[in-house]
Amino acid sequence: MTDATNSANGPTFAETIRVFARIGLLSFGGPAGQIALMHRILVDEKKWLDEARFLHALNYCMLLPGPEAMQLATYAGWLLHGIRGGLVAGILFVLPGAIVLTALSSLYLLLGDIHVVQGLLFGLKAAVLAVVLEALVKVSRRALTGRPMVVIAILAFIAIALLKLPFPVIIVGAALIGAALHLAGRGGAPKAAGLAIAKEDMPEWTRPSLARFASTLAIWLALWFGPLLLLQAALGSQNVFAREGSFFSVMAAVTFGGAYAVLAWVAQQAVEVYGWLRPDEMLTGLGLAETTPGPLILVLVFVGFLGGARQSGLEPLAGGLAGAAVTLWFTFVPCFLWIFVGAPYVETVRSIAWLSAALGAVTAAVVGIIANLALWFALHVLFARVGDVVAGPFSLPVPDLSSLDPWAVLIAAASAVALFRFHANMLVVLAGAMAAGVAVRLIAV
């Protein structure tokens, strides 16, 4: 095989920058669309990576916490030009969407009370319900490969929706069940596909080295936790920026299964524990993130922005911008650590069968967690009032039926028909829903 990742024969660094800037600007449509875009450009069009190397990188990124598409871009850039290539690829994948979402968050903060803006957000939130349901269907088809996986999904739903167990506990529990099922010979979880790559095809920087491992780990741990310790020392552990740094650091380490899987946990903590935003505002942020390029996990920028704007004591816009910056740092610095430290050992990781089974069970649990996300969002967007009824160990969300908003139901249903029946472009659906929301709000004035 020709070494497509060898910098002597592959692209120049300047060309790599241009191509990954293009990928970052065009990366709409969630991880599936983003991965397909990278495959078309890097494998089919540029031929910088062959099919085996691309799938090898993708399989590793799927095992990691965090946004797999952003990590795949980082991995590809790292293969081409080492750490500087990975940094450029990862940053350019995130930066366009981060800039756009920060600008939209600023507009929301400054103009959120205007009827037109309220109408846009009303329609957006209703349409996002259909987007979440579509994600639930797609993940279910891929993840629920047998009865054990269905049971794990149901248990995960009960654990997070009714028992209110912490998200990390559910993920660890699912992984242990998956590993146990594999060892008992009753798994049904997907197995890792061994894609061997000849040693001579690997650039020098991609080969395992204990010295490189130790130095890279030390540098990126310092970049991750050094700023957190500084925030806590300078501002106090209860300051909103220190709390955001701590919270998003934990989130970055446990977000297996993509953004949809963790949003219910983030929403619960950000709304009920920290008070950074209201329940319906999570839907607003998700809708805004759906309309921008980059990973969906950028919705956290909206969360961090509002938290900083409302609780920092600074002028709201300045506090929001600082909150967005803190959120970006602690969400994405760990992604670079996972790639730069772990990628040289990827074959060792992927050859462990029980680990593959454990992660297959985690994917099944993600189905239950996304189902809870859909329920949580549906209740808060379709009903003006939602309460909780405690029955033994269960906490049941119960809406006030008299507070049902028929316009929200209509927009959500129309969006679902457009996505499921006619496979309409998601951006077109969101734009149509926002236009309908504006019409509803202006009529009601």
# chains A, B, ... in the order shown; residues from 1 in each chain; ligands from 1
>>> closest_atom_pairs(of="region 255-330 of chain A", to="region 106-126 of chain A", cutoff="6 Å", atoms="only C-alpha atoms", output="Markdown table")
| residue | atom | partner | partner_atom | distance |
| --- | --- | --- | --- | --- |
| A:Leu283 | CA | A:Lys125 | CA | 5.2 |
| A:Thr284 | CA | A:Lys125 | CA | 5.7 |
| A:Gly287 | CA | A:Leu124 | CA | 5.8 |
>>> select_by_dssp(residues="region 139-353 of chain A", states="helix (DSSP H, G or I)", output="VMD selection string")
chain A and resid 139 to 143 147 to 162 167 to 183 199 to 201 204 to 206 210 to 235 240 to 254 259 to 273 279 to 290 296 to 311 316 to 350 353
>>> atom_distance(atom1="CA of Ser105 (chain A)", atom2="CA of Phe305 (chain A)")
7.0 Å
>>> residues_around(residues="region 207-220 of chain A", least_positions_apart="3", cutoff="10 Å", atoms="only C-alpha atoms", output="PyMOL selection string")
chain A and resi 83+199+202-204+223-226+333-338+340-346
>>> residues_around(residues="Tyr60 (chain A)", least_positions_apart="3", cutoff="8 Å", atoms="only C-alpha atoms", output="list of chain:residue names")
A:His56, A:Ala57, A:Leu63, A:Leu64, A:Ala343, A:Val346, A:Arg350
>>> write_last_selection(atoms="N, CA and C atoms", output="mmCIF file, in the first residue's frame")
data_model
loop_
_atom_site.group_PDB
_atom_site.id
_atom_site.type_symbol
_atom_site.label_atom_id
_atom_site.label_comp_id
_atom_site.auth_asym_id
_atom_site.auth_seq_id
_atom_site.Cartn_x
_atom_site.Cartn_y
_atom_site.Cartn_z
ATOM 1 N N HIS A 56 -9.959 2.259 10.419
ATOM 2 C CA HIS A 56 -9.138 2.012 11.602
ATOM 3 C C HIS A 56 -9.246 3.189 12.565
ATOM 4 N N ALA A 57 -9.111 4.395 12.030
ATOM 5 C CA ALA A 57 -9.216 5.586 12.863
ATOM 6 C C ALA A 57 -10.631 5.759 13.404
ATOM 7 N N LEU A 63 -14.745 4.420 20.190
ATOM 8 C CA LEU A 63 -14.563 3.880 21.532
ATOM 9 C C LEU A 63 -14.379 4.976 22.575
ATOM 10 N N LEU A 64 -14.142 6.205 22.154
ATOM 11 C CA LEU A 64 -13.743 7.268 23.066
ATOM 12 C C LEU A 64 -14.935 8.075 23.554
ATOM 13 N N ALA A 343 -3.820 7.008 20.431
ATOM 14 C CA ALA A 343 -3.845 6.497 19.066
ATOM 15 C C ALA A 343 -2.722 5.518 18.734
ATOM 16 N N VAL A 346 -3.796 1.987 19.459
ATOM 17 C CA VAL A 346 -5.154 1.667 19.062
ATOM 18 C C VAL A 346 -5.338 0.190 18.752
ATOM 19 N N ARG A 350 -8.240 -2.192 20.403
ATOM 20 C CA ARG A 350 -9.323 -2.761 19.602
ATOM 21 C C ARG A 350 -9.299 -4.281 19.525
#
>>> closest_residue(among="A:Val139, A:Ile99, A:Val390, A:Ile23", to="Arg40 (chain A)", atoms="only C-alpha atoms")
A:Ile23
>>> residues_around(residues="Ser403 (chain A)", least_positions_apart="6", cutoff="7 Å", atoms="only C-alpha atoms", output="list in words")
Phe383, Ala384 and Arg385 of chain A
>>> closest_residue(among="A:Gly320, A:Gly432, A:Gly392, A:Pro295", to="Ser415 (chain A)", atoms="only C-alpha atoms")
A:Gly432
>>> closest_residue(among="A:Val128, A:Ile369, A:Val94, A:Ala358", to="Leu183 (chain A)", atoms="only C-alpha atoms")
A:Ala358
>>> residues_around(residues="region 250-254 of chain A", least_positions_apart="5", cutoff="7 Å", atoms="only C-alpha atoms", output="PDB file with C-alpha atoms, in the first residue's frame")
ATOM      1  CA  PRO A  65     -15.815   9.702  25.110  1.00  0.00           C
ATOM      2  CA  GLY A  66     -16.567  12.914  23.285  1.00  0.00           C
ATOM      3  CA  PRO A 168     -21.778   7.973  34.645  1.00  0.00           C
ATOM      4  CA  THR A 331     -14.969  20.193  26.515  1.00  0.00           C
ATOM      5  CA  PRO A 334      -9.620  16.173  26.581  1.00  0.00           C
TER       6      PRO A 334
END
>>> atom_distance(atom1="CA of Ala309 (chain A)", atom2="CA of Leu230 (chain A)")
20.5 Å
>>> residues_around(residues="Leu92 (chain A)", least_positions_apart="5", cutoff="12 Å", atoms="only C-alpha atoms", output="ChimeraX atom specification")
/A:16-27,70-71,73-74,77,85-87,97-99,293-295
>>> closest_residue(among="A:Asn425, A:Val326, A:Ala365, A:Thr255", to="Val151 (chain A)", atoms="only C-alpha atoms")
A:Ala365
>>> closest_residue(among="A:Val131, A:Leu379, A:Leu427, A:Leu306", to="Leu286 (chain A)", atoms="only C-alpha atoms")
A:Val131
>>> closest_residue(among="A:Ala242, A:Leu288, A:Val417, A:Val398", to="Ala431 (chain A)", atoms="only C-alpha atoms")
A:Leu288
